[in-house]
>>> print(open('final05.txt').read())   # compact mmCIF, C-alpha atoms
# COMPACT_ATOMS: atom_id res chain seq x y z
CA MET A 1002 -50.00 -47.61 -115.76
CA LYS A 1003 -46.26 -47.05 -115.51
CA PRO A 1004 -44.94 -45.19 -112.44
CA LYS A 1005 -43.97 -41.57 -113.13
CA VAL A 1006 -40.84 -41.79 -110.98
CA ARG A 1007 -38.08 -43.63 -112.80
CA ILE A 1008 -34.51 -44.63 -112.01
CA SER A 1009 -31.59 -45.40 -114.31
CA PRO A 1010 -30.05 -48.85 -114.84
CA GLY A 1011 -27.02 -47.66 -112.87
CA GLN A 1012 -29.20 -46.73 -109.90
CA MET A 1013 -31.00 -50.07 -110.14
CA PHE A 1014 -27.65 -51.85 -110.10
CA ILE A 1015 -26.65 -49.96 -106.95
CA LEU A 1016 -29.85 -50.92 -105.11
CA LEU A 1017 -29.35 -54.57 -106.05
CA ILE A 1018 -25.67 -54.72 -105.09
CA LEU A 1019 -26.22 -52.90 -101.79
CA ALA A 1020 -28.73 -55.59 -100.82
CA ARG A 1021 -26.09 -58.25 -101.54
CA ILE A 1022 -23.44 -56.30 -99.65
CA MET A 1023 -25.79 -56.08 -96.67
CA HIS A 1024 -26.20 -59.85 -96.67
CA THR A 1025 -22.41 -60.29 -96.78
CA MET A 1026 -21.94 -57.85 -93.91
CA VAL A 1027 -24.33 -59.55 -91.50
CA PHE A 1028 -23.73 -63.15 -92.60
CA HIS A 1029 -22.95 -65.34 -89.62
CA SER A 1030 -22.94 -69.11 -89.32
CA GLU A 1031 -21.28 -71.17 -86.62
CA ASP A 1032 -20.77 -74.20 -88.86
CA PHE A 1033 -19.40 -72.36 -91.90
CA SER A 1034 -15.77 -72.76 -93.02
CA ALA A 1035 -13.90 -70.69 -95.60
CA GLY A 1036 -11.75 -72.46 -98.18
CA THR A 1037 -10.34 -72.41 -101.70
CA PHE A 1038 -13.39 -74.32 -102.91
CA MET A 1039 -15.46 -71.13 -102.53
CA MET A 1040 -13.78 -69.33 -105.42
CA PRO A 1041 -14.77 -71.59 -108.37
CA THR A 1042 -18.12 -72.21 -106.68
CA LEU A 1043 -18.84 -68.48 -106.74
CA LEU A 1044 -18.20 -68.39 -110.49
CA VAL A 1045 -20.59 -71.30 -111.09
CA THR A 1046 -23.38 -69.87 -108.91
CA THR A 1047 -23.03 -66.48 -110.62
CA LEU A 1048 -23.48 -68.13 -114.01
CA ILE A 1049 -26.55 -69.96 -112.67
CA GLU A 1050 -27.98 -66.65 -111.43
CA ALA A 1051 -27.40 -65.13 -114.88
CA ALA A 1052 -29.35 -67.95 -116.51
CA LEU A 1053 -32.18 -67.73 -113.97
CA SER A 1054 -32.53 -63.99 -114.53
CA LEU A 1055 -33.16 -64.21 -118.30
CA PRO A 1056 -36.99 -64.49 -118.26
CA ALA A 1057 -37.39 -61.44 -116.00
CA LEU A 1058 -34.79 -59.42 -117.91
CA ILE A 1059 -36.37 -60.10 -121.29
CA LEU A 1060 -39.83 -59.16 -120.03
CA ILE A 1061 -38.73 -55.99 -118.22
CA ASP A 1062 -36.74 -54.72 -121.19
CA SER A 1063 -39.78 -55.30 -123.40
CA GLY A 1064 -41.72 -52.90 -121.17
CA SER A 1065 -43.68 -55.47 -119.17
CA ASP A 1066 -45.18 -55.00 -115.72
CA ILE A 1067 -44.83 -58.69 -114.90
CA ILE A 1068 -47.21 -58.79 -111.95
CA ALA A 1069 -49.90 -56.79 -113.75
CA GLU A 1070 -49.73 -58.94 -116.88
CA LEU A 1071 -49.88 -62.16 -114.88
CA SER A 1072 -53.05 -60.87 -113.20
CA HIS A 1073 -54.90 -60.56 -116.53
CA GLY A 1074 -56.95 -57.65 -115.20
CA SER A 1075 -58.08 -59.53 -112.07
CA ARG A 1076 -57.77 -57.24 -109.06
CA ARG A 1077 -57.89 -60.18 -106.66
CA LEU A 1078 -55.09 -62.02 -108.43
CA TYR A 1079 -53.02 -58.86 -108.61
CA THR A 1080 -53.49 -58.27 -104.87
CA PHE A 1081 -52.56 -61.88 -104.13
CA LEU A 1082 -49.37 -61.75 -106.21
CA ARG A 1083 -48.39 -58.41 -104.66
CA ALA A 1084 -48.98 -59.89 -101.21
CA LEU A 1085 -46.54 -62.71 -101.98
CA TYR A 1086 -43.79 -60.23 -102.79
CA SER A 1087 -44.69 -58.11 -99.75
CA LEU A 1088 -44.54 -61.04 -97.34
CA TYR A 1089 -41.28 -62.29 -98.80
CA PHE A 1090 -39.50 -58.96 -98.47
CA LEU A 1091 -40.90 -58.37 -95.01
CA TYR A 1092 -39.27 -61.67 -94.11
CA ILE A 1093 -35.95 -60.54 -95.64
CA ALA A 1094 -36.21 -57.17 -93.88
CA THR A 1095 -36.91 -58.89 -90.55
CA GLY A 1096 -33.81 -61.04 -90.87
CA THR A 1097 -31.64 -58.05 -91.79
CA VAL A 1098 -32.85 -55.94 -88.86
CA LYS A 1099 -32.48 -58.86 -86.47
CA TYR A 1100 -28.88 -59.48 -87.51
CA ILE A 1101 -27.98 -55.79 -87.23
CA ALA A 1102 -29.36 -55.87 -83.67
CA GLU A 1103 -27.20 -58.91 -82.94
CA PHE A 1104 -24.14 -57.19 -84.39
CA MET A 1105 -24.74 -54.17 -82.16
CA ARG A 1106 -25.20 -56.40 -79.12
CA SER A 1107 -21.98 -58.25 -79.95
CA GLU A 1108 -19.78 -55.23 -80.66
CA PHE A 1109 -21.44 -52.34 -78.81
CA GLN A 1110 -23.47 -53.92 -76.02
CA ARG A 1111 -23.00 -50.93 -73.69
CA VAL A 1112 -24.13 -48.36 -76.25
CA ILE A 1113 -27.74 -49.28 -77.03
CA SER A 1114 -30.14 -52.15 -76.46
CA PRO A 1115 -30.95 -54.51 -79.36
CA VAL A 1116 -34.67 -53.70 -79.14
CA ALA A 1117 -33.91 -50.00 -79.47
CA VAL A 1118 -31.72 -50.79 -82.49
CA ILE A 1119 -34.61 -52.67 -84.12
CA VAL A 1120 -37.10 -49.85 -83.50
CA ILE A 1121 -34.78 -47.05 -84.65
CA LEU A 1122 -33.61 -48.94 -87.71
CA ALA A 1123 -37.17 -49.82 -88.77
CA LEU A 1124 -38.32 -46.22 -88.25
CA ALA A 1125 -35.47 -44.86 -90.36
CA ALA A 1126 -36.05 -47.49 -93.07
CA ALA A 1127 -39.78 -46.69 -93.15
CA TYR A 1128 -39.01 -43.00 -93.59
CA CYS A 1129 -36.68 -43.81 -96.49
CA ALA A 1130 -39.31 -46.08 -98.04
CA HIS A 1131 -41.89 -43.30 -97.79
CA LEU A 1132 -39.59 -40.95 -99.73
CA GLY A 1133 -39.86 -43.29 -102.71
CA ILE A 1134 -37.63 -45.22 -105.06
CA GLU A 1135 -35.92 -42.18 -106.58
CA ALA A 1136 -34.74 -40.92 -103.19
CA LEU A 1137 -33.60 -44.43 -102.25
CA ALA A 1138 -31.62 -44.71 -105.47
CA ARG A 1139 -29.89 -41.35 -104.97
CA ALA A 1140 -28.98 -42.13 -101.36
CA GLY A 1141 -27.84 -45.59 -102.42
CA THR A 1142 -25.26 -44.11 -104.77
CA VAL A 1143 -23.63 -42.27 -101.85
CA VAL A 1144 -23.71 -45.33 -99.56
CA PHE A 1145 -22.26 -47.56 -102.29
CA TRP A 1146 -19.21 -45.36 -102.86
CA ILE A 1147 -18.63 -44.98 -99.12
CA PHE A 1148 -18.57 -48.76 -98.82
CA ILE A 1149 -16.22 -49.14 -101.79
CA ALA A 1150 -13.83 -46.57 -100.33
CA LEU A 1151 -13.88 -48.36 -96.98
CA PHE A 1152 -13.39 -51.79 -98.52
CA VAL A 1153 -10.48 -50.65 -100.71
CA SER A 1154 -8.87 -48.85 -97.76
CA MET A 1155 -9.19 -51.91 -95.56
CA ALA A 1156 -7.65 -54.18 -98.20
CA SER A 1157 -4.83 -51.83 -99.26
CA VAL A 1158 -3.54 -50.96 -95.79
CA SER A 1159 -3.88 -54.40 -94.29
CA GLU A 1160 -0.98 -55.43 -92.11
CA GLY A 1161 -2.01 -59.06 -92.04
CA THR A 1162 0.47 -61.65 -93.28
CA PHE A 1163 -0.54 -63.51 -96.41
CA HIS A 1164 -0.25 -67.28 -96.10
CA PRO A 1165 -0.26 -68.85 -99.62
CA GLU A 1166 -0.31 -72.30 -98.02
CA ASN A 1167 -3.93 -71.59 -97.05
CA LEU A 1168 -4.86 -71.96 -100.73
CA THR A 1169 -5.15 -75.72 -100.55
CA PRO A 1170 -6.07 -77.86 -103.59
CA ILE A 1171 -9.71 -78.78 -104.05
CA THR A 1172 -10.40 -82.49 -103.53
CA GLY A 1173 -13.38 -84.80 -103.53
CA ASN A 1174 -13.69 -84.31 -99.79
CA ASP A 1175 -14.65 -80.68 -100.46
CA PHE A 1176 -17.80 -81.64 -102.38
CA PRO A 1177 -20.18 -81.39 -99.37
CA ALA A 1178 -18.74 -77.94 -98.55
CA ILE A 1179 -19.01 -76.89 -102.21
CA LEU A 1180 -22.66 -77.94 -102.35
CA ASP A 1181 -23.42 -76.23 -99.05
CA TYR A 1182 -21.81 -72.97 -100.14
CA ALA A 1183 -23.51 -73.08 -103.56
CA VAL A 1184 -26.92 -73.46 -101.90
CA ARG A 1185 -26.15 -70.66 -99.44
CA ASP A 1186 -25.03 -68.32 -102.20
CA LEU A 1187 -28.00 -69.03 -104.46
CA SER A 1188 -30.39 -68.62 -101.51
CA SER A 1189 -29.16 -65.02 -101.21
CA SER A 1190 -30.19 -64.17 -104.80
CA TRP A 1191 -33.31 -62.22 -103.87
CA TRP A 1192 -32.16 -59.56 -106.31
CA LEU A 1193 -34.21 -61.58 -108.82
CA PRO A 1194 -37.64 -60.91 -107.23
CA MET A 1195 -36.41 -57.38 -106.42
CA LEU A 1196 -35.83 -56.86 -110.13
CA VAL A 1197 -39.31 -58.13 -111.00
CA VAL A 1198 -40.98 -55.61 -108.69
CA LEU A 1199 -38.66 -52.66 -109.25
CA GLY A 1200 -38.34 -53.22 -112.99
CA VAL A 1201 -41.39 -51.06 -113.66
CA HIS A 1202 -39.46 -48.09 -112.24
CA LEU A 1203 -36.63 -48.37 -114.77
CA ASN A 1204 -36.41 -45.57 -117.29
CA SER A 1205 -36.67 -46.25 -121.00
CA SER A 1206 -32.95 -46.94 -121.51
CA LYS A 1207 -32.35 -49.67 -124.06
CA ASP A 1208 -31.63 -53.01 -122.33
CA GLY A 1209 -31.76 -51.21 -118.97
CA ALA A 1210 -32.58 -54.32 -116.95
CA LYS A 1211 -29.87 -56.35 -118.66
CA LYS A 1212 -27.30 -53.62 -117.95
CA ALA A 1213 -28.32 -53.45 -114.28
CA ALA A 1214 -28.18 -57.25 -113.96
CA ALA A 1215 -24.82 -57.51 -115.73
CA GLY A 1216 -23.38 -54.83 -113.46
CA TYR A 1217 -24.72 -56.60 -110.41
CA LEU A 1218 -23.41 -60.05 -111.36
CA ILE A 1219 -19.94 -58.84 -112.36
CA THR A 1220 -19.55 -56.64 -109.28
CA LYS A 1221 -20.86 -59.34 -106.96
CA LEU A 1222 -18.46 -61.90 -108.42
CA VAL A 1223 -15.39 -59.65 -108.26
CA MET A 1224 -16.20 -58.29 -104.80
CA LEU A 1225 -16.83 -61.69 -103.24
CA GLU A 1226 -13.87 -63.35 -104.95
CA VAL A 1227 -11.55 -60.65 -103.57
CA LEU A 1228 -13.14 -60.90 -100.12
CA VAL A 1229 -12.86 -64.69 -100.07
CA LEU A 1230 -9.24 -64.54 -101.22
CA LEU A 1231 -8.37 -62.06 -98.46
CA ILE A 1232 -10.13 -64.14 -95.82
CA ILE A 1233 -8.34 -67.32 -96.93
CA LEU A 1234 -4.88 -65.74 -97.23
CA VAL A 1235 -5.02 -63.62 -94.07
CA LEU A 1236 -7.37 -65.45 -91.72
CA GLY A 1237 -7.24 -69.02 -92.98
CA ARG A 1238 -9.07 -71.52 -90.78
CA PHE A 1239 -9.25 -68.86 -88.08
CA SER A 1240 -12.22 -67.47 -90.00
CA ASP A 1241 -14.21 -70.54 -88.95
CA ILE A 1242 -14.61 -69.20 -85.42
CA LEU A 1243 -15.10 -65.52 -86.27
CA GLY A 1244 -18.50 -63.92 -85.96
CA TYR A 1245 -17.99 -61.47 -88.82
CA PRO A 1246 -14.99 -62.20 -91.11
CA LEU A 1247 -15.32 -58.84 -92.88
CA LEU A 1248 -15.11 -57.07 -89.52
CA SER A 1249 -12.10 -59.13 -88.47
CA LEU A 1250 -10.08 -58.18 -91.55
CA GLY A 1251 -10.07 -54.59 -90.28
CA ALA A 1252 -8.06 -55.65 -87.25
CA TYR A 1253 -5.01 -55.95 -89.52
CA ALA A 1254 -5.14 -52.37 -90.78
CA ARG A 1255 -2.09 -50.13 -90.30
CA THR A 1256 -3.86 -46.78 -89.95
CA VAL A 1257 -5.51 -45.27 -86.89
CA PHE A 1258 -8.69 -44.71 -88.91
CA VAL A 1259 -9.10 -48.31 -89.97
CA ARG A 1260 -8.02 -49.66 -86.61
CA SER A 1261 -11.27 -48.15 -85.39
CA PHE A 1262 -12.94 -50.47 -87.88
CA ASN A 1263 -15.63 -51.62 -85.46
CA ALA A 1264 -17.00 -48.09 -85.11
CA VAL A 1265 -16.60 -47.40 -88.84
CA ASN A 1266 -18.39 -50.65 -89.61
CA MET A 1267 -21.23 -49.70 -87.29
CA PHE A 1268 -21.66 -46.44 -89.19
CA VAL A 1269 -21.47 -47.94 -92.69
CA TRP A 1270 -23.47 -51.06 -91.85
CA CYS A 1271 -26.25 -49.03 -90.26
CA MET A 1272 -26.41 -46.64 -93.23
CA ASN A 1273 -26.62 -49.54 -95.64
CA ALA A 1274 -29.14 -51.39 -93.45
CA VAL A 1275 -31.43 -48.34 -93.33
CA LEU A 1276 -31.30 -47.92 -97.09
CA VAL A 1277 -31.64 -51.60 -98.00
CA CYS A 1278 -34.46 -52.18 -95.52
CA GLY A 1279 -36.06 -49.04 -96.92
CA VAL A 1280 -36.07 -50.71 -100.35
CA TYR A 1281 -37.56 -53.89 -98.85
CA LEU A 1282 -40.32 -51.89 -97.13
CA PHE A 1283 -40.94 -49.95 -100.35
CA ILE A 1284 -41.47 -53.26 -102.13
CA ALA A 1285 -43.70 -54.47 -99.27
CA THR A 1286 -45.95 -51.44 -99.76
CA GLY A 1287 -46.57 -52.43 -103.36
CA GLY A 1288 -43.96 -50.10 -104.84
CA VAL A 1289 -45.98 -46.95 -104.13
CA LYS A 1290 -45.61 -44.05 -101.72
CA ASN A 1291 -48.38 -44.77 -99.24
CA GLY A 1292 -48.13 -43.62 -95.62
CA LYS A 1293 -50.53 -46.19 -94.16
CA ARG A 1294 -48.92 -49.11 -95.98
CA THR A 1295 -45.44 -47.97 -94.99
CA PHE A 1296 -46.49 -47.62 -91.35
CA SER A 1297 -48.06 -51.09 -91.39
CA ALA A 1298 -44.94 -52.62 -92.98
CA MET A 1299 -42.78 -50.92 -90.35
CA ILE A 1300 -44.88 -52.24 -87.45
CA VAL A 1301 -44.78 -55.77 -88.87
CA THR A 1302 -41.00 -55.56 -89.26
CA ILE A 1303 -40.49 -54.28 -85.70
CA VAL A 1304 -42.72 -56.91 -84.10
CA ALA A 1305 -41.31 -59.74 -86.22
CA ALA A 1306 -37.68 -58.68 -85.67
CA ILE A 1307 -38.12 -58.38 -81.89
CA PHE A 1308 -39.77 -61.80 -81.79
CA ALA A 1309 -37.00 -63.28 -84.00
CA TYR A 1310 -34.34 -61.74 -81.78
CA ARG A 1311 -35.94 -62.99 -78.56
CA ALA A 1312 -36.46 -66.45 -80.05
CA ASN A 1313 -32.93 -66.45 -81.51
CA SER A 1314 -34.33 -67.37 -84.93
CA ASP A 1315 -31.71 -68.45 -87.45
CA PHE A 1316 -32.19 -66.74 -90.82
CA ASN A 1317 -29.24 -68.70 -92.21
CA GLY A 1318 -30.46 -72.13 -91.08
CA GLU A 1319 -31.94 -74.90 -93.22
CA VAL A 1320 -35.55 -73.72 -92.89
CA ALA A 1321 -34.60 -70.12 -93.68
CA ILE A 1322 -32.57 -71.24 -96.71
CA LEU A 1323 -35.59 -73.21 -97.94
CA ILE A 1324 -37.90 -70.20 -97.52
CA LYS A 1325 -35.50 -67.79 -99.22
CA THR A 1326 -34.74 -70.17 -102.10
CA ALA A 1327 -38.42 -70.99 -102.67
CA GLY A 1328 -39.23 -67.29 -102.78
CA ILE A 1329 -36.43 -66.59 -105.24
CA LEU A 1330 -37.49 -69.39 -107.57
CA LEU A 1331 -41.22 -68.62 -107.42
CA LEU A 1332 -41.16 -64.82 -107.45
CA GLY A 1333 -38.02 -64.20 -109.47
CA VAL A 1334 -37.92 -67.09 -111.93
CA ILE A 1335 -41.12 -69.16 -112.23
CA LEU A 1336 -43.65 -66.32 -112.48
CA PRO A 1337 -41.69 -64.47 -115.21
CA LEU A 1338 -41.16 -67.79 -117.00
CA VAL A 1339 -44.91 -68.51 -116.86
CA LEU A 1340 -45.61 -65.12 -118.44
CA MET A 1341 -43.06 -65.79 -121.19
CA ILE A 1342 -44.68 -69.14 -121.92
CA GLU A 1343 -48.12 -67.50 -122.01
CA ARG A 1344 -46.86 -64.94 -124.50
CA GLY A 1345 -45.35 -67.67 -126.65
CA VAL A 1346 -48.59 -69.67 -126.63
CA ARG A 1347 -50.62 -66.58 -127.56
CA ARG A 1348 -48.30 -65.81 -130.48
CA CYS A 1349 -48.58 -69.41 -131.69
CA VAL A 1350 -52.39 -69.32 -131.51
CA LYS A 1351 -52.52 -66.01 -133.40
CA SER A 1352 -50.22 -67.35 -136.12
CA LEU A 1353 -52.51 -70.36 -136.61
CA GLN A 1354 -55.68 -68.30 -136.90
>>> encode(input="final05.txt", output="structure tokens")
Amino acid sequence: MKPKVRISPGQMFILLILARIMHTMVFHSEDFSAGTFMMPTLLVTTLIEAALSLPALILIDSGSDIIAELSHGSRRLYTFLRALYSLYFLYIATGTVKYIAEFMRSEFQRVISPVAVIVILALAAAYCAHLGIEALARAGTVVFWIFIALFVSMASVSEGTFHPENLTPITGNDFPAILDYAVRDLSSSWWLPMLVVLGVHLNSSKDGAKKAAAGYLITKLVMLEVLVLLIILVLGRFSDILGYPLLSLGAYARTVFVRSFNAVNMFVWCMNAVLVCGVYLFIATGGVKNGKRTFSAMIVTIVAAIFAYRANSDFNGEVAILIKTAGILLLGVILPLVLMIERGVRRCVKSLQ
């Protein structure tokens, strides 16, 4: 049975791109270096994402509930598949909350404790999740345009000096860095399993899923290419030792408003974190408004995030990249592909009868 509450392709696009923006905001890696090689790599990885998304897009636009159809009426199988998506997005939510807590500790350590940040953020996200997908989509539209306004303002009033010499030619020595960045970028493509779960909430617009995906991929490519170019031209190799390159770009702003970029970032990042984590918790509850499930997902996120923070778990390390990539491939690519193959086999069998 299709959910009664539906969202438009434009709203779906916003939820997907906000999740990617959130990842960009909190990304931090001590051994990561920015360079010219990132720009063509981004184009290639975006094309790969487009190809990987085709099975899910075709099925969703044909009106399929992918998880339900894969279950073939088996309640146990349906519960198992739903649990896989729930666990995966609880993991993503935990990493997001943990990194927001680290950001607050780094930039505002005298304001609030990291544990309090985790609890408050998870509570707010759970409340948003309980309101449902339509409320999340409407709030997401506001958050998205606030971020765009902030990003454009930061870029247009930057006082930083551009250094064209930072755009060095790509050589064979860059191949390890290219491969590393490609893997990192593809491991952040959890918009694919998001689309599988949330696709049932799309309205009946023609090619709605394809429109949402196209909007996401184009916006992601343009946004990241511009961000990378700014980081290379303004920060250069200095970006290698910065905790948050996006935050550091604000230090070159000419206006009083943007010179307070740390505080502005805290506000925008926290708004986006609440909304995006709300979407993750909504998915973890099975895509339904259920108070008990939402409460349970919130408790799991709080406990896991506090443990991850205390243990200094690295959600951008090799193990985390493996987990995230495996989840993307299984939940966002392989399962939809299996259903497409099943459909093809059934059509062949019927044609032979």
>>> atom_distance(input="final05.txt", atom1="CA of Leu1017 in chain A", atom2="CA of Leu1218 in chain A")
9.7 Å
>>> residues_around(input="final05.txt", residues="Ile1307 in chain A", least_positions_apart="2", cutoff="12 Å", atoms="all atoms listed in the file", output="VMD selection string")
chain A and resid 1095 to 1103 1114 to 1120 1122 to 1123 1300 to 1305 1309 to 1314
>>> closest_residue(input="final05.txt", among="A:Ile1018, A:Leu1282, A:Ala1125, A:Met1039", to="Pro1170 in chain A", atoms="only C-alpha atoms")
A:Met1039
>>> atom_distance(input="final05.txt", atom1="CA of Arg1021 in chain A", atom2="CA of Asp1062 in chain A")
22.6 Å
>>> atom_distance(input="final05.txt", atom1="CA of Met1299 in chain A", atom2="CA of Leu1187 in chain A")
27.3 Å
>>> closest_residue(input="final05.txt", among="A:Phe1296, A:Phe1316, A:Trp1192, A:Phe1148", to="Met1272 in chain A", atoms="all atoms listed in the file")
A:Phe1148
>>> closest_residue(input="final05.txt", among="A:Glu1319, A:Gly1209, A:Tyr1182, A:Leu1053", to="Leu1331 in chain A", atoms="only C-alpha atoms")
A:Leu1053
>>> closest_residue(input="final05.txt", among="A:Phe1283, A:Tyr1217, A:Tyr1128, A:Phe1104", to="Cys1271 in chain A", atoms="all atoms listed in the file")
A:Phe1104
>>> closest_residue(input="final05.txt", among="A:Leu1228, A:Val1265, A:Ala1136, A:Met1195", to="Ala1020 in chain A", atoms="all atoms listed in the file")
A:Met1195
>>> closest_residue(input="final05.txt", among="A:Leu1199, A:Gly1279, A:Thr1042, A:Thr1286", to="Arg1083 in chain A", atoms="only C-alpha atoms")
A:Thr1286
>>> closest_atom_pairs(input="final05.txt", of="range 1080-1158 of chain A", to="range 1064-1074 of chain A", cutoff="12 Å", atoms="all atoms listed in the file", output="Markdown table")
| residue | atom | partner | partner_atom | distance |
| --- | --- | --- | --- | --- |
| A:Thr1080 | CA | A:Ser1072 | CA | 8.7 |
| A:Phe1081 | CA | A:Ser1072 | CA | 9.1 |
| A:Leu1082 | CA | A:Ile1068 | CA | 6.8 |
| A:Arg1083 | CA | A:Ile1068 | CA | 7.4 |
| A:Ala1084 | CA | A:Ile1068 | CA | 10.9 |
| A:Leu1085 | CA | A:Ile1068 | CA | 10.7 |
| A:Tyr1086 | CA | A:Ile1068 | CA | 9.9 |
>>> write_last_selection(input="final05.txt", atoms="C-alpha atoms", output="compact mmCIF listing (two decimals), in the frame of the given file")
# COMPACT_ATOMS: atom_id res chain seq x y z
CA THR A 1080 -53.49 -58.27 -104.87
CA PHE A 1081 -52.56 -61.88 -104.13
CA LEU A 1082 -49.37 -61.75 -106.21
CA ARG A 1083 -48.39 -58.41 -104.66
CA ALA A 1084 -48.98 -59.89 -101.21
CA LEU A 1085 -46.54 -62.71 -101.98
CA TYR A 1086 -43.79 -60.23 -102.79
